[in-house]
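Dumped run.cif below, it's mmCIF, C-alpha atoms and all ligand atoms:
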```cif
data_entry
loop_
_atom_site.group_PDB
_atom_site.id
_atom_site.type_symbol
_atom_site.label_atom_id
_atom_site.label_comp_id
_atom_site.auth_asym_id
_atom_site.auth_seq_id
_atom_site.Cartn_x
_atom_site.Cartn_y
_atom_site.Cartn_z
ATOM 1 C CA MET B 1 73.222 -105.897 17.011
ATOM 2 C CA ALA B 2 75.750 -107.597 14.836
ATOM 3 C CA ILE B 3 78.036 -110.331 16.102
ATOM 4 C CA ILE B 4 81.396 -110.954 14.485
ATOM 5 C CA ASN B 5 83.078 -114.318 14.332
ATOM 6 C CA ILE B 6 86.610 -114.735 13.028
ATOM 7 C CA PRO B 7 86.680 -118.505 12.705
ATOM 8 C CA ASP B 8 90.399 -118.815 11.907
ATOM 9 C CA GLU B 9 91.268 -116.975 15.096
ATOM 10 C CA ASN B 10 88.549 -118.363 17.315
ATOM 11 C CA GLN B 11 87.427 -114.861 18.122
ATOM 12 C CA ILE B 12 83.935 -113.510 18.633
ATOM 13 C CA LEU B 13 83.098 -109.828 19.055
ATOM 14 C CA GLN B 14 79.706 -108.567 20.101
ATOM 15 C CA ASP B 15 80.352 -105.210 21.721
ATOM 16 C CA TYR B 16 78.941 -102.519 19.406
ATOM 17 C CA ASP B 17 82.004 -100.269 19.337
ATOM 18 C CA LYS B 18 84.366 -103.195 18.852
ATOM 19 C CA VAL B 19 82.256 -104.643 16.052
ATOM 20 C CA ARG B 20 81.998 -101.283 14.299
ATOM 21 C CA ASP B 21 85.701 -100.504 14.672
ATOM 22 C CA PHE B 22 86.798 -103.952 13.585
ATOM 23 C CA LEU B 23 84.630 -103.784 10.481
ATOM 24 C CA ALA B 24 85.792 -100.240 9.718
ATOM 25 C CA GLY B 25 89.331 -101.648 9.800
ATOM 26 C CA ILE B 26 88.481 -103.964 6.925
ATOM 27 C CA ASN B 27 86.605 -101.242 5.084
ATOM 28 C CA ILE B 28 83.080 -102.415 5.919
ATOM 29 C CA VAL B 29 80.651 -99.783 7.154
ATOM 30 C CA TYR B 30 78.576 -101.047 10.044
ATOM 31 C CA GLU B 31 76.104 -99.031 12.099
ATOM 32 C CA TYR B 32 73.194 -99.829 14.344
ATOM 33 C CA TRP B 33 70.084 -97.739 13.752
ATOM 34 C CA GLU B 34 67.257 -98.276 16.200
ATOM 35 C CA PRO B 35 64.378 -99.728 14.133
ATOM 36 C CA VAL B 36 61.331 -97.501 13.652
ATOM 37 C CA ALA B 37 58.910 -98.296 16.461
ATOM 38 C CA ASP B 38 55.326 -99.350 15.769
ATOM 39 C CA LEU B 39 55.960 -100.608 12.266
ATOM 40 C CA PRO B 40 54.040 -103.891 11.986
ATOM 41 C CA GLN B 41 56.007 -107.004 10.936
ATOM 42 C CA ASP B 42 53.708 -107.331 7.920
ATOM 43 C CA ALA B 43 54.008 -103.686 6.804
ATOM 44 C CA SER B 44 53.975 -103.386 3.019
ATOM 45 C CA THR B 45 57.035 -102.364 1.020
ATOM 46 C CA GLU B 46 55.563 -98.873 0.628
ATOM 47 C CA GLU B 47 54.921 -98.547 4.349
ATOM 48 C CA VAL B 48 58.490 -99.610 5.110
ATOM 49 C CA LEU B 49 59.995 -97.227 2.563
ATOM 50 C CA THR B 50 57.845 -94.393 3.914
ATOM 51 C CA ALA B 51 58.690 -95.125 7.541
ATOM 52 C CA TYR B 52 62.413 -95.157 6.729
ATOM 53 C CA SER B 53 62.376 -92.418 4.093
ATOM 54 C CA LYS B 54 64.497 -89.960 6.085
ATOM 55 C CA ARG B 55 67.194 -92.528 6.735
ATOM 56 C CA ILE B 56 67.075 -93.765 3.160
ATOM 57 C CA SER B 57 67.605 -90.192 1.906
ATOM 58 C CA GLU B 58 70.531 -89.793 4.266
ATOM 59 C CA LEU B 59 72.120 -92.987 2.999
ATOM 60 C CA LYS B 60 71.447 -92.087 -0.607
ATOM 61 C CA SER B 61 73.256 -88.802 -0.195
ATOM 62 C CA ARG B 62 76.172 -90.480 1.574
ATOM 63 C CA GLY B 63 76.812 -93.174 -0.963
ATOM 64 C CA GLY B 64 75.311 -92.069 -4.257
ATOM 65 C CA TYR B 65 72.585 -94.684 -4.046
ATOM 66 C CA VAL B 66 69.630 -93.958 -6.269
ATOM 67 C CA THR B 67 67.059 -96.631 -5.541
ATOM 68 C CA ALA B 68 65.855 -98.510 -2.498
ATOM 69 C CA ASP B 69 63.693 -101.581 -2.218
ATOM 70 C CA VAL B 70 62.625 -104.100 0.403
ATOM 71 C CA ILE B 71 63.510 -107.771 0.187
ATOM 72 C CA THR B 72 61.475 -110.249 2.182
ATOM 73 C CA VAL B 73 62.560 -113.861 2.361
ATOM 74 C CA ASN B 74 61.212 -116.674 4.493
ATOM 75 C CA LYS B 75 60.691 -120.391 4.336
ATOM 76 C CA ASN B 76 57.542 -119.924 2.251
ATOM 77 C CA THR B 77 59.337 -117.920 -0.431
ATOM 78 C CA PRO B 78 59.012 -119.809 -3.726
ATOM 79 C CA GLY B 79 62.404 -120.959 -4.975
ATOM 80 C CA LEU B 80 64.112 -120.105 -1.682
ATOM 81 C CA ASP B 81 66.833 -122.738 -1.999
ATOM 82 C CA ALA B 82 67.676 -121.701 -5.542
ATOM 83 C CA MET B 83 67.823 -118.078 -4.422
ATOM 84 C CA LEU B 84 70.076 -118.850 -1.479
ATOM 85 C CA ALA B 85 72.331 -120.955 -3.677
ATOM 86 C CA LYS B 86 73.143 -117.792 -5.640
ATOM 87 C CA PHE B 87 74.278 -115.934 -2.532
ATOM 88 C CA ASN B 88 76.048 -118.556 -0.465
ATOM 89 C CA ILE B 89 79.093 -118.892 -2.685
ATOM 90 C CA GLU B 90 81.906 -116.396 -2.862
ATOM 91 C CA HIS B 91 81.158 -113.434 -5.119
ATOM 92 C CA ARG B 92 81.640 -109.712 -5.562
ATOM 93 C CA HIS B 93 79.615 -106.954 -7.155
ATOM 94 C CA ASP B 94 80.453 -103.887 -9.229
ATOM 95 C CA GLU B 95 78.610 -101.778 -6.675
ATOM 96 C CA ASP B 96 78.253 -101.600 -2.908
ATOM 97 C CA GLU B 97 75.987 -104.087 -1.198
ATOM 98 C CA VAL B 98 73.987 -102.038 1.300
ATOM 99 C CA ARG B 99 71.491 -103.684 3.598
ATOM 100 C CA TYR B 100 69.482 -102.379 6.532
ATOM 101 C CA ILE B 101 67.953 -105.334 8.369
ATOM 102 C CA LEU B 102 64.309 -104.943 9.403
ATOM 103 C CA SER B 103 63.742 -108.408 10.853
ATOM 104 C CA GLY B 104 65.132 -111.920 10.822
ATOM 105 C CA ARG B 105 68.816 -112.786 10.779
ATOM 106 C CA GLY B 106 71.513 -113.446 8.265
ATOM 107 C CA LEU B 107 75.194 -114.246 8.073
ATOM 108 C CA PHE B 108 77.601 -112.445 5.782
ATOM 109 C CA HIS B 109 81.031 -113.903 5.329
ATOM 110 C CA ILE B 110 83.476 -111.227 4.234
ATOM 111 C CA HIS B 111 86.709 -112.363 2.612
ATOM 112 C CA SER B 112 88.915 -109.397 3.277
ATOM 113 C CA GLN B 113 92.074 -108.924 1.277
ATOM 114 C CA GLN B 114 93.188 -105.607 2.712
ATOM 115 C CA GLN B 115 96.900 -104.854 2.777
ATOM 116 C CA GLN B 116 97.806 -108.366 1.680
ATOM 117 C CA ARG B 117 96.063 -109.739 4.738
ATOM 118 C CA ASP B 118 93.706 -112.547 3.841
ATOM 119 C CA GLN B 119 90.994 -112.931 6.432
ATOM 120 C CA VAL B 120 87.487 -114.367 6.580
ATOM 121 C CA VAL B 121 85.082 -112.633 8.933
ATOM 122 C CA ALA B 122 81.514 -113.764 9.589
ATOM 123 C CA VAL B 123 79.074 -110.970 10.426
ATOM 124 C CA GLU B 124 75.724 -112.011 11.798
ATOM 125 C CA VAL B 125 73.130 -109.295 11.318
ATOM 126 C CA GLU B 126 69.700 -108.679 12.803
ATOM 127 C CA ALA B 127 67.056 -105.932 13.007
ATOM 128 C CA GLY B 128 68.620 -102.483 13.227
ATOM 129 C CA ASP B 129 71.912 -103.441 11.590
ATOM 130 C CA LEU B 130 73.138 -101.472 8.613
ATOM 131 C CA ILE B 131 75.977 -102.976 6.631
ATOM 132 C CA CYS B 132 77.732 -101.695 3.557
ATOM 133 C CA ILE B 133 80.002 -104.108 1.725
ATOM 134 C CA PRO B 134 81.946 -102.003 -0.766
ATOM 135 C CA ARG B 135 82.084 -102.920 -4.424
ATOM 136 C CA ASN B 136 84.576 -105.649 -5.291
ATOM 137 C CA THR B 137 84.717 -106.982 -1.723
ATOM 138 C CA LEU B 138 84.518 -110.776 -1.768
ATOM 139 C CA HIS B 139 81.641 -112.125 0.312
ATOM 140 C CA TRP B 140 78.874 -114.682 0.588
ATOM 141 C CA PHE B 141 75.613 -114.859 2.502
ATOM 142 C CA ASP B 142 73.515 -117.439 4.362
ATOM 143 C CA LEU B 143 70.299 -117.245 6.308
ATOM 144 C CA CYS B 144 70.278 -118.362 9.940
ATOM 145 C CA GLY B 145 68.285 -121.323 11.241
ATOM 146 C CA ASP B 146 64.894 -119.605 11.116
ATOM 147 C CA ARG B 147 65.459 -118.921 7.412
ATOM 148 C CA LYS B 148 63.927 -115.490 7.309
ATOM 149 C CA ILE B 149 65.102 -111.963 6.750
ATOM 150 C CA ARG B 150 63.614 -108.660 5.685
ATOM 151 C CA ALA B 151 65.891 -105.853 4.614
ATOM 152 C CA ILE B 152 66.006 -102.533 2.831
ATOM 153 C CA ARG B 153 68.483 -102.611 -0.049
ATOM 154 C CA LEU B 154 70.060 -99.572 -1.633
ATOM 155 C CA PHE B 155 71.452 -99.516 -5.138
ATOM 156 C CA GLN B 156 73.685 -97.221 -7.118
ATOM 157 C CA ASP B 157 72.666 -98.931 -10.329
ATOM 158 C CA VAL B 158 70.587 -102.077 -10.191
ATOM 159 C CA SER B 159 72.611 -103.760 -12.937
ATOM 160 C CA GLY B 160 75.748 -103.363 -10.809
ATOM 161 C CA TRP B 161 74.356 -105.838 -8.339
ATOM 162 C CA THR B 162 74.922 -108.883 -10.587
ATOM 163 C CA PRO B 163 77.116 -111.323 -8.657
ATOM 164 C CA HIS B 164 80.524 -112.165 -10.096
ATOM 165 C CA TYR B 165 81.549 -115.544 -8.761
ATOM 166 C CA THR B 166 85.121 -116.380 -7.860
ATOM 167 C CA HIS B 167 84.608 -120.169 -7.907
ATOM 168 C CA SER B 168 87.250 -120.352 -5.187
ATOM 169 C CA ALA B 169 85.185 -122.793 -3.064
ATOM 170 C CA ILE B 170 86.503 -121.000 0.047
ATOM 171 C CA ASP B 171 82.884 -120.708 1.206
ATOM 172 C CA ARG B 172 82.793 -124.479 1.719
ATOM 173 C CA LYS B 173 85.467 -124.239 4.376
ATOM 174 C CA TYR B 174 83.301 -122.134 6.669
ATOM 175 C CA GLU B 175 80.283 -123.606 8.388
ATOM 176 C CA PRO B 176 77.493 -120.968 8.361
ATOM 177 C CA VAL B 177 77.004 -120.846 12.109
ATOM 178 C CA CYS B 178 74.734 -118.220 13.657
ATOM 179 C CA TRP B 179 75.264 -117.347 17.299
ATOM 180 C CA GLY B 180 72.517 -114.841 17.941
ATOM 181 C CA PRO B 181 69.458 -116.762 19.055
ATOM 182 C CA ARG B 182 71.516 -118.747 21.544
ATOM 183 C CA TYR B 183 73.069 -115.554 22.872
ATOM 184 C CA ILE B 184 69.712 -113.788 23.122
ATOM 185 C CA GLN B 185 68.252 -116.877 24.748
ATOM 186 C CA SER B 186 70.885 -116.882 27.486
ATOM 187 C CA GLN B 187 70.485 -113.136 28.025
ATOM 188 C CA THR B 188 66.730 -113.493 28.323
ATOM 189 C CA THR B 189 67.132 -116.348 30.768
ATOM 190 C CA ALA B 190 69.631 -114.328 32.778
ATOM 191 C CA ILE B 191 67.172 -111.439 33.041
ATOM 192 C CA ALA B 192 64.273 -113.739 33.857
ATOM 193 C CA GLU B 193 66.295 -115.297 36.681
ATOM 194 C CA LYS B 194 67.049 -111.994 38.362
HETATM 195 C C1 LIG J 1 73.625 -110.377 -2.280
HETATM 196 C C2 LIG J 1 74.059 -110.936 -1.012
HETATM 197 C C3 LIG J 1 73.077 -111.486 -0.164
HETATM 198 O O1 LIG J 1 74.399 -110.414 -3.204
HETATM 199 O O2 LIG J 1 75.367 -111.196 -0.897
HETATM 200 O O3 LIG J 1 72.480 -109.877 -2.316
HETATM 201 NI NI NI J 2 76.430 -110.107 -2.664
#
```

What is this file in C-alpha cells?
Ligand code: LAC
Ligand code: NI
Amino acid sequence: MAIINIPDENQILQDYDKVRDFLAGINIVYEYWEPVADLPQDASTEEVLTAYSKRISELKSRGGYVTADVITVNKNTPGLDAMLAKFNIEHRHDEDEVRYILSGRGLFHIHSQQQQRDQVVAVEVEAGDLICIPRNTLHWFDLCGDRKIRAIRLFQDVSGWTPHYTHSAIDRKYEPVCWGPRYIQSQTTAIAEK
C-alpha cells in the first residue's frame, strides 16, 4: 500500500484510510485494489489486460479513459536512464495520469497548488495501488532502489500524455527517497520474531 511523505513537514502517513483521505484532499484519487491472484510475474501484456479487464472497464467508465496498456520497466530496459530522465523533472499533462501498479515500486512527487497552498507530497506506490493524478497537476516520478515497476496505464487520448515541463527545478530540492522496502523488512522481521 502507498506511503506518503510530506518532506517539508517531516510527516509520513502509511495507514490506508489516512493516505486515501489525505490524497483526496489534494484532489488525487488513490485506492488499493488487491492484485489478481495467480497471475505470474512474467505474464504477457495480453494476459495482464485480460486478468484485469473487469477493473479496467470500471475505470474506463469512471474517467472516460479509452485505452489501456501495460508498461514494464526494469534495469535491463534499453534506454532506462533516458526514459527516467523524462519523468523525474516537474511536468504536467493535458490528461489524467492513471496507473495501477502490478509489481515493483515507484515514487510520485505531487506538487499541489490547491487553494493557494503550495505543497510537495511524495507518494510511494507498490503492487495493488491505483493512483490518478488529474490533468494539469504538477508532478514528477522516480523509480525506487530496485529500479523496476510494472503498471497498467489508462489513457483518455494518448496524445494528451505528452509531458509539459515547468523547468522550475523544484524536483532537485527533493531527494527521491523510498521507504517501503525498509518498512516491509522491519515488519517481516517483527513477524518472524514472534
Ligand atoms: C509519466 C509519469 C511517470 O508521465 O509521470 O508517465
Ligand atoms: Ni507524468

Show me, as a ChimeraX atom specification, the residues that have an atom within 12 Å of Arg55 (chain B) when counting all atoms listed in the file, minus same-chain residues fewer than 3 positions from it. /B:33-36,48-52,58-62,68,100,128,130,152,154

Serialized selection, C-alpha atoms, as an mmCIF file, in the coordinates of the input:
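Written output follows (again_24.cif):
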```
data_model
loop_
_atom_site.group_PDB
_atom_site.id
_atom_site.type_symbol
_atom_site.label_atom_id
_atom_site.label_comp_id
_atom_site.auth_asym_id
_atom_site.auth_seq_id
_atom_site.Cartn_x
_atom_site.Cartn_y
_atom_site.Cartn_z
ATOM 1 C CA TRP B 33 70.084 -97.739 13.752
ATOM 2 C CA GLU B 34 67.257 -98.276 16.200
ATOM 3 C CA PRO B 35 64.378 -99.728 14.133
ATOM 4 C CA VAL B 36 61.331 -97.501 13.652
ATOM 5 C CA VAL B 48 58.490 -99.610 5.110
ATOM 6 C CA LEU B 49 59.995 -97.227 2.563
ATOM 7 C CA THR B 50 57.845 -94.393 3.914
ATOM 8 C CA ALA B 51 58.690 -95.125 7.541
ATOM 9 C CA TYR B 52 62.413 -95.157 6.729
ATOM 10 C CA GLU B 58 70.531 -89.793 4.266
ATOM 11 C CA LEU B 59 72.120 -92.987 2.999
ATOM 12 C CA LYS B 60 71.447 -92.087 -0.607
ATOM 13 C CA SER B 61 73.256 -88.802 -0.195
ATOM 14 C CA ARG B 62 76.172 -90.480 1.574
ATOM 15 C CA ALA B 68 65.855 -98.510 -2.498
ATOM 16 C CA TYR B 100 69.482 -102.379 6.532
ATOM 17 C CA GLY B 128 68.620 -102.483 13.227
ATOM 18 C CA LEU B 130 73.138 -101.472 8.613
ATOM 19 C CA ILE B 152 66.006 -102.533 2.831
ATOM 20 C CA LEU B 154 70.060 -99.572 -1.633
#
```

For Asn88 (chain B), which of B:Asn5, B:Thr72, B:Thr166, B:Gln11 is the closest residue, counting all atoms listed in the file?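 The answer is B:Thr166, which sits nearest to Asn88 (chain B).
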
When the PyMOL selection byres (((not hetatm)) within 10 of (chain J and resi 1)) is applied to the structure above, which residues does it catch, written out as JSON, numbers by chain? {"B": [71, 83, 84, 86, 87, 88, 89, 90, 91, 92, 93, 96, 97, 98, 99, 106, 107, 108, 109, 110, 133, 138, 139, 140, 141, 142, 143, 153, 161, 162, 163, 164]}

Which is closer to Trp179 (chain B) than all the others in B:Val125, B:Leu102, B:Val29, B:Leu39, using all atoms listed in the file?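 Distance minimum relative to Trp179 (chain B) lands on B:Val125.
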
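Here CA of Ile170 (chain B) and CA of Val121 (chain B) stand 12.3 Å from one another.
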
Name the residues that the PyMOL selection byres (((chain B and resi 1-4) around 8) and not hetatm) pulls out of this structure, and write them as a list in words. Asn5, Ile6, Ile12, Leu13, Gln14, Asp15, Tyr16, Val19, Tyr32, Val121, Ala122, Val123, Glu124, Val125, Glu126, Ala127, Gly128, Asp129, Trp179 and Gly180 of chain B

Can you pull out every residue within 6 Å of Ile149 (chain B), counting all atoms listed in the file, but drop anything in the same chain fewer than 5 positions away, and send it as a list of chain:residue names? B:Val73, B:Ser103, B:Gly104, B:Arg105

With all atoms listed in the file as the atoms that count, which of B:Thr137, B:Asn76, B:Ser168, B:Gln41 lies nearest to ligand NI 2 (chain J)? B:Thr137

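The closest residue to ligand NI 2 (chain J), picked from B:Asp146, B:Asp171, B:Glu9, B:Asp94 and counting all atoms listed in the file, is B:Asp94.
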
Pick the closest to ligand NI 2 (chain J) from B:His111, B:Lys173, B:Arg117, B:Arg150: which is it, counting all atoms listed in the file?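 The answer is B:His111, which sits nearest to ligand NI 2 (chain J).
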
Could you tell me how far CA of Gly79 (chain B) lies from CA of Gln156 (chain B), in Å and to one decimal?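 Answer for the CA of Gly79 (chain B) to CA of Gln156 (chain B) separation: 26.4 Å.
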
What's the separation between CA of Thr77 (chain B) and CA of Arg147 (chain B), in Å to one decimal place?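 According to the coordinates, CA of Thr77 (chain B) and CA of Arg147 (chain B) are separated by 10.0 Å.
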
Nearest to Gly64 (chain B), chosen from B:Phe155, B:Pro134, B:Arg20, B:Asp42, with all atoms listed in the file counted in the distances: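 Going through B:Phe155, B:Pro134, B:Arg20, B:Asp42 one by one, the smallest distance to Gly64 (chain B) is for B:Phe155.
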
Name the residues in contact with Gln115 (chain B) at a cut-off of 12 Å, using all atoms listed in the file, excluding same-chain residues fewer than 2 positions from it; report them as a ChimeraX atom specification. /B:25-27,112-113,117-119
